[in-house]
Amino acid sequence: MTSRSKRILLVAAKTGYQVREFASAAERLGVELAFATDRCHVLDDPWGDRAAPIEFANPAVGIDALASQGPFDGILAVGDEPACVAAQAAEALGLRYHPAKAAQAAKNKLQARDRFRAAGLLVPAFKSLPLDAHPELSARSVRYPCVLKPLDLSGSRGVIRADNPQEFVRAFERVQAIVRGIVKRARSAPALLAEEFVPGREFALEGVMTGGRLQPLALFDKPDPLDGPFFEETIYVTPSRQPAHVKGAILATVRRAVAALGLRDGPVHAEMRVNEAGVWMLEAAARPIGGLCSRALRFRLRRRSLGLEELLLRHALGEDVSSAQLARGGHAVMMIPIPQAGVYQGVEGLEEARSVPGITDVVITAKEGQLLEPLPEGSSYLGFIFARASTPGGAESALRQSHRYLRFLLTPALPVVR
C-alpha cells in the first residue's frame with residue numbers, strides 16, 4: 001500500500017499572489033495544498049482552483065463541509081480574517097494552530113490593547129468610539145497627538161494621525177467613510193480606536209510558534225519615519241542594525257505579547273515602536289508577513305536554502321524547524337507606494353531598476369487600467385522591489401536607487417456621475 005501525500009489546508013480571502021507563493025513552495029516540497037476561500041458557496045468552482053467555499057462572516061457551515069474533504073495534515077492562513085477562520089477550522093478538524101479566541105484577539109485592535117495592558121506591556125492611552133459617535137464631542141475626550149484607526153483593518157488602511165480637535169474631526173469622518181464602505185463584510189459591530197500617538201522608530205518581527213514558544217525568524221528595521229498623518233510602510237530591512245540590548249528588548253516584549261494574546265502554534269507577524277520609554281507593541285498578528293514581502297527572506301535549514309513559505313509549510317506538517325537561521329547578508333524589500341490616485345497605465349524605467357547591483361527582482365503587481373488609491377483609503381501597492389547585499393545598509397541603498405528609476409504612469413480617474 002502506497003502512502004498518501006501530505007495535505008495542508010490554506011485559508012485565504014482570495015487566490016492572489018501570496019497564495020501562489022505558498023502553492024509554488026508546496027509543489028517544491030511535494031505537498032498537496034488544498035484551498036478554502038471566502039466566496040459564494042452556490043457557484044461551482046468559479047475561479048477554477050477547486051477551493052472550498054467558506055463564508056468568512058459565518059464560517060461554521062463551510063468548516064463543517066471541510067471535514068468531508070480531509071484528512072489534512074496541517075493548516076495555514078494568509079491574512080488576518082483568514083487566520084481567524086483557520087483557527088476555528090483547526091479546532092474543528094483537530095489540527096495544530098493558534099486558538100480561535102487568540103487569533104480573534106490578535107485581529108481586533110481593542111482586544112489586543114486590552115490584553116497587552118493587562119500583561120503590563122507599554123500601551124498608549126486608548127478608547128473605543130462607536131462608528132456613529134459625534135466627532136466634535138469625541139474630539140474633546142482624547143489626548144493629542146492621537147491616531148484614529150479601524151478595529152479590524154490591516155496594512156495601515158484607515159489609520160490617520162490628528163494633532164488637534166479640528167484634525168480629529170476631519171480624520172474621524174474620513175475613517176468613518178472607509179469603514180462604512182466595507183461594513184457589510186465586518187464580523188463585529190463597527191467601531192474605531194483612538195489612541196495616543198507613540199513617537200519612535202518602528203520595527204517588525206517575523207516568527208513562528210510551537211507549543212506556545214516563539215521562534216524569531218527575522219527582525220526588520222523600518223528605516224523611513226512613520227509619523228503620519230498617514231502610515232504607509234515602504235522599506236523593510238533585516239537583520240536589524242539596532243544594538244543588541246534593543247533587539248533583546250523587542251524580542252522579550254513580543255514574547256510577552258503573544259503570550260498575552262494566547263497564540264500558540266503557527267506564524268506570527270509582530271509590529272512595534274521603540275523610544276526612550278521602551279518597546280510599545282502595535283500588533284502581534286496570527287499570520288505571516290503580507291503581500292510578496294516574504295520573497296526578501298532566505299533561510300538555512302539543515303544545509304538547505306528555503307523561503308518563508310516552505311519553512312511554514314514544514315512547520316505546519318510538524319517538522320522541527322527550530323534550527324532555521326536567516327541567511328547571511330542584508331535582506332530588504334520595498335512596497336512601492338502609490339504616489340497619487342489614478343488609473344494605472346504602465347511603468348517606465350523597469351529595466352534600469354532591475355539592473356541596479358543588489359536588486360534581485362522588481363515585481364509590478366498593478367494591472368493596466370486598474371484604479372489605484374493611496375492610503376488611507378487604499379489597500380494595495382504598485383508592486384515590490386527586492387534586494388540582497390552583504391550588509392543591511394547595502395540592501396537598503398539598492399532599493400532606493402532602484403526605485404528612483406521607476407516612473408509610473410497614472411491618469412486621473414473620471415468622476416462618478418450620480
# chains A, B, ... in the order shown; residues from 1 in each chain; ligands from 1
$ select_by_dssp --residues "range 166-367 of chain A" --states "helix (DSSP H, G or I)" --output "VMD selection string"
chain A and resid 166 to 185 244 to 261 293 to 296 308 to 316 350 to 354
$ residues_around --residues "Arg157 in chain A" --least-positions-apart "4" --cutoff "9 Å" --atoms "only C-alpha atoms" --output "VMD selection string"
chain A and resid 149 to 150 153 178 230 to 232 375 to 379
$ write_last_selection --atoms "N, CA and C atoms" --output "JSON list (two decimals), in the first residue's frame"
[["chain", "number", "residue", "atom", "x", "y", "z"],
["A", 149, "LYS", "N", -7.96, 54.72, 14.13],
["A", 149, "LYS", "CA", -7.81, 53.54, 13.29],
["A", 149, "LYS", "C", -9.02, 52.63, 13.42],
["A", 150, "PRO", "N", -9.44, 51.96, 12.34],
["A", 150, "PRO", "CA", -10.48, 50.94, 12.43],
["A", 150, "PRO", "C", -10.00, 49.77, 13.28],
["A", 153, "LEU", "N", -9.06, 46.47, 10.45],
["A", 153, "LEU", "CA", -8.35, 46.55, 9.18],
["A", 153, "LEU", "C", -6.84, 46.44, 9.43],
["A", 178, "ILE", "N", -14.43, 55.20, 5.32],
["A", 178, "ILE", "CA", -13.72, 53.99, 4.90],
["A", 178, "ILE", "C", -14.38, 52.75, 5.50],
["A", 230, "PHE", "N", -0.51, 59.88, 7.59],
["A", 230, "PHE", "CA", -0.84, 58.51, 7.22],
["A", 230, "PHE", "C", 0.40, 57.65, 7.47],
["A", 231, "PHE", "N", 0.25, 56.34, 7.42],
["A", 231, "PHE", "CA", 1.32, 55.46, 7.88],
["A", 231, "PHE", "C", 1.64, 54.40, 6.83],
["A", 232, "GLU", "N", 1.99, 54.86, 5.64],
["A", 232, "GLU", "CA", 2.29, 53.97, 4.54],
["A", 232, "GLU", "C", 3.69, 53.38, 4.72],
["A", 375, "LEU", "N", -3.03, 55.22, 0.54],
["A", 375, "LEU", "CA", -3.55, 55.24, 1.90],
["A", 375, "LEU", "C", -3.99, 56.66, 2.25],
["A", 376, "PRO", "N", -5.00, 56.79, 3.13],
["A", 376, "PRO", "CA", -5.55, 55.74, 3.99],
["A", 376, "PRO", "C", -6.70, 54.94, 3.37],
["A", 377, "GLU", "N", -7.26, 55.43, 2.23],
["A", 377, "GLU", "CA", -8.38, 54.70, 1.64],
["A", 377, "GLU", "C", -7.93, 53.42, 0.94],
["A", 378, "GLY", "N", -6.77, 53.46, 0.32],
["A", 378, "GLY", "CA", -6.30, 52.32, -0.46],
["A", 378, "GLY", "C", -5.85, 51.15, 0.38],
["A", 379, "SER", "N", -5.65, 50.02, -0.29],
["A", 379, "SER", "CA", -5.23, 48.81, 0.43],
["A", 379, "SER", "C", -4.21, 48.00, -0.37]]
$ atom_distance --atom1 "CA of Gln340 in chain A" --atom2 "CA of Phe384 in chain A"
17.1 Å
$ residues_around --residues "Pro145 in chain A" --least-positions-apart "6" --cutoff "8 Å" --atoms "only C-alpha atoms" --output "list in words"
Arg161, Ala162, Asp163, Asn164, Glu196 and Phe197 of chain A
$ write_last_selection --atoms "C-alpha atoms" --output "PDB file, in the first residue's frame"
ATOM      1  CA  ARG A 161      -2.998  60.956  12.914  1.00  0.00           C
ATOM      2  CA  ALA A 162      -4.675  64.047  14.351  1.00  0.00           C
ATOM      3  CA  ASP A 163      -2.783  66.765  16.240  1.00  0.00           C
ATOM      4  CA  ASN A 164      -5.767  68.829  17.408  1.00  0.00           C
ATOM      5  CA  GLU A 196      -2.227  58.431  21.823  1.00  0.00           C
ATOM      6  CA  PHE A 197       0.422  58.704  19.124  1.00  0.00           C
TER       7      PHE A 197
END
$ atom_distance --atom1 "CA of Ile235 in chain A" --atom2 "CA of Lys222 in chain A"
5.8 Å
$ residues_around --residues "His269 in chain A" --least-positions-apart "4" --cutoff "7 Å" --atoms "only C-alpha atoms" --output "list in words"
Leu205, Glu206, Gly207, Ala284, Ala285, Ala286, Arg287, Pro288 and Ile289 of chain A
$ write_last_selection --atoms "C-alpha atoms" --output "mmCIF file, in the first residue's frame"
data_model
loop_
_atom_site.group_PDB
_atom_site.id
_atom_site.type_symbol
_atom_site.label_atom_id
_atom_site.label_comp_id
_atom_site.auth_asym_id
_atom_site.auth_seq_id
_atom_site.Cartn_x
_atom_site.Cartn_y
_atom_site.Cartn_z
ATOM 1 C CA LEU A 205 9.355 40.739 13.758
ATOM 2 C CA GLU A 206 8.614 37.603 11.776
ATOM 3 C CA GLY A 207 8.367 34.428 13.790
ATOM 4 C CA ALA A 284 1.037 40.634 17.005
ATOM 5 C CA ALA A 285 -0.877 39.053 14.133
ATOM 6 C CA ALA A 286 -1.563 35.326 13.811
ATOM 7 C CA ARG A 287 -0.298 35.232 10.215
ATOM 8 C CA PRO A 288 2.869 35.634 8.154
ATOM 9 C CA ILE A 289 4.029 38.910 6.614
#
$ residues_around --residues "range 90-95 of chain A" --least-positions-apart "2" --cutoff "10 Å" --atoms "only C-alpha atoms" --output "VMD selection string"
chain A and resid 9 60 63 to 64 66 to 67 70 to 76 84 to 88 97 to 100 265 316 to 317
$ select_by_dssp --residues "range 170-369 of chain A" --states "strand (DSSP E)" --output "PyMOL selection string"
chain A and resi 191-196+201-210+213-222+235-238+266-275+278-285+299-301+304-306+325-326+330-336+342-348+359-364
$ closest_residue --among "A:Ala83, A:Val343, A:Val254, A:Val198" --to "Glu276 in chain A" --atoms "only C-alpha atoms"
A:Val198
$ residues_around --residues "range 101-117 of chain A" --least-positions-apart "2" --cutoff "6 Å" --atoms "only C-alpha atoms" --output "PDB file with N, CA and C atoms, in the first residue's frame"
ATOM      1  N   ASP A  80      -5.431  38.402   8.064  1.00  0.00           N
ATOM      2  CA  ASP A  80      -5.962  38.409   9.431  1.00  0.00           C
ATOM      3  C   ASP A  80      -7.292  37.681   9.550  1.00  0.00           C
ATOM      4  N   CYS A  84      -8.318  33.922  11.495  1.00  0.00           N
ATOM      5  CA  CYS A  84      -9.391  33.637  12.459  1.00  0.00           C
ATOM      6  C   CYS A  84     -10.211  32.429  12.019  1.00  0.00           C
ATOM      7  N   PRO A  99      -5.194  29.104  18.926  1.00  0.00           N
ATOM      8  CA  PRO A  99      -6.589  29.009  19.379  1.00  0.00           C
ATOM      9  C   PRO A  99      -7.445  30.087  18.717  1.00  0.00           C
ATOM     10  N   ALA A 119      -1.253  42.582  30.616  1.00  0.00           N
ATOM     11  CA  ALA A 119       0.013  41.873  30.784  1.00  0.00           C
ATOM     12  C   ALA A 119       1.138  42.803  31.227  1.00  0.00           C
ATOM     13  N   GLY A 120       0.823  44.077  31.433  1.00  0.00           N
ATOM     14  CA  GLY A 120       1.828  45.016  31.915  1.00  0.00           C
ATOM     15  C   GLY A 120       2.729  45.577  30.835  1.00  0.00           C
ATOM     16  N   LEU A 121       2.334  45.430  29.568  1.00  0.00           N
ATOM     17  CA  LEU A 121       3.132  45.988  28.480  1.00  0.00           C
ATOM     18  C   LEU A 121       2.865  47.481  28.334  1.00  0.00           C
ATOM     19  N   VAL A 123       1.451  50.494  26.787  1.00  0.00           N
ATOM     20  CA  VAL A 123       0.282  50.688  25.932  1.00  0.00           C
ATOM     21  C   VAL A 123      -0.109  52.162  25.994  1.00  0.00           C
ATOM     22  N   LEU A 151     -10.918  49.077  13.908  1.00  0.00           N
ATOM     23  CA  LEU A 151     -10.534  47.973  14.785  1.00  0.00           C
ATOM     24  C   LEU A 151     -10.032  46.761  14.028  1.00  0.00           C
ATOM     25  N   ASP A 152     -10.542  46.516  12.821  1.00  0.00           N
ATOM     26  CA  ASP A 152     -10.300  45.236  12.169  1.00  0.00           C
ATOM     27  C   ASP A 152      -9.576  45.315  10.835  1.00  0.00           C
ATOM     28  N   ALA A 260       0.241  36.985  26.000  1.00  0.00           N
ATOM     29  CA  ALA A 260      -0.952  37.689  26.459  1.00  0.00           C
ATOM     30  C   ALA A 260      -2.134  37.423  25.540  1.00  0.00           C
ATOM     31  N   LEU A 261      -1.873  37.314  24.245  1.00  0.00           N
ATOM     32  CA  LEU A 261      -2.947  37.024  23.292  1.00  0.00           C
ATOM     33  C   LEU A 261      -3.360  35.558  23.339  1.00  0.00           C
ATOM     34  N   GLY A 262      -2.454  34.688  23.736  1.00  0.00           N
ATOM     35  CA  GLY A 262      -2.749  33.258  23.760  1.00  0.00           C
ATOM     36  C   GLY A 262      -2.378  32.542  22.481  1.00  0.00           C
ATOM     37  N   LEU A 263      -1.557  33.160  21.633  1.00  0.00           N
ATOM     38  CA  LEU A 263      -1.121  32.499  20.400  1.00  0.00           C
ATOM     39  C   LEU A 263      -0.233  31.305  20.753  1.00  0.00           C
ATOM     40  N   ALA A 285       0.125  39.708  14.968  1.00  0.00           N
ATOM     41  CA  ALA A 285      -0.877  39.053  14.133  1.00  0.00           C
ATOM     42  C   ALA A 285      -0.602  37.558  14.004  1.00  0.00           C
ATOM     43  N   ALA A 286      -1.667  36.780  13.912  1.00  0.00           N
ATOM     44  CA  ALA A 286      -1.563  35.326  13.811  1.00  0.00           C
ATOM     45  C   ALA A 286      -1.434  34.899  12.351  1.00  0.00           C
TER      46      ALA A 286
END
$ closest_residue --among "A:Gly155, A:Met334, A:Leu131, A:Ala277" --to "Thr360 in chain A" --atoms "only C-alpha atoms"
A:Met334
$ residues_around --residues "range 344-352 of chain A" --least-positions-apart "6" --cutoff "9 Å" --atoms "only C-alpha atoms" --output "MDAnalysis selection string"
chainID A and resid 362 364 366:372 382 402 404:411
$ atom_distance --atom1 "CA of Arg388 in chain A" --atom2 "CA of Arg300 in chain A"
15.2 Å
$ closest_residue --among "A:Pro337, A:Pro124, A:Pro190, A:Gly393" --to "Asp221 in chain A" --atoms "only C-alpha atoms"
A:Gly393
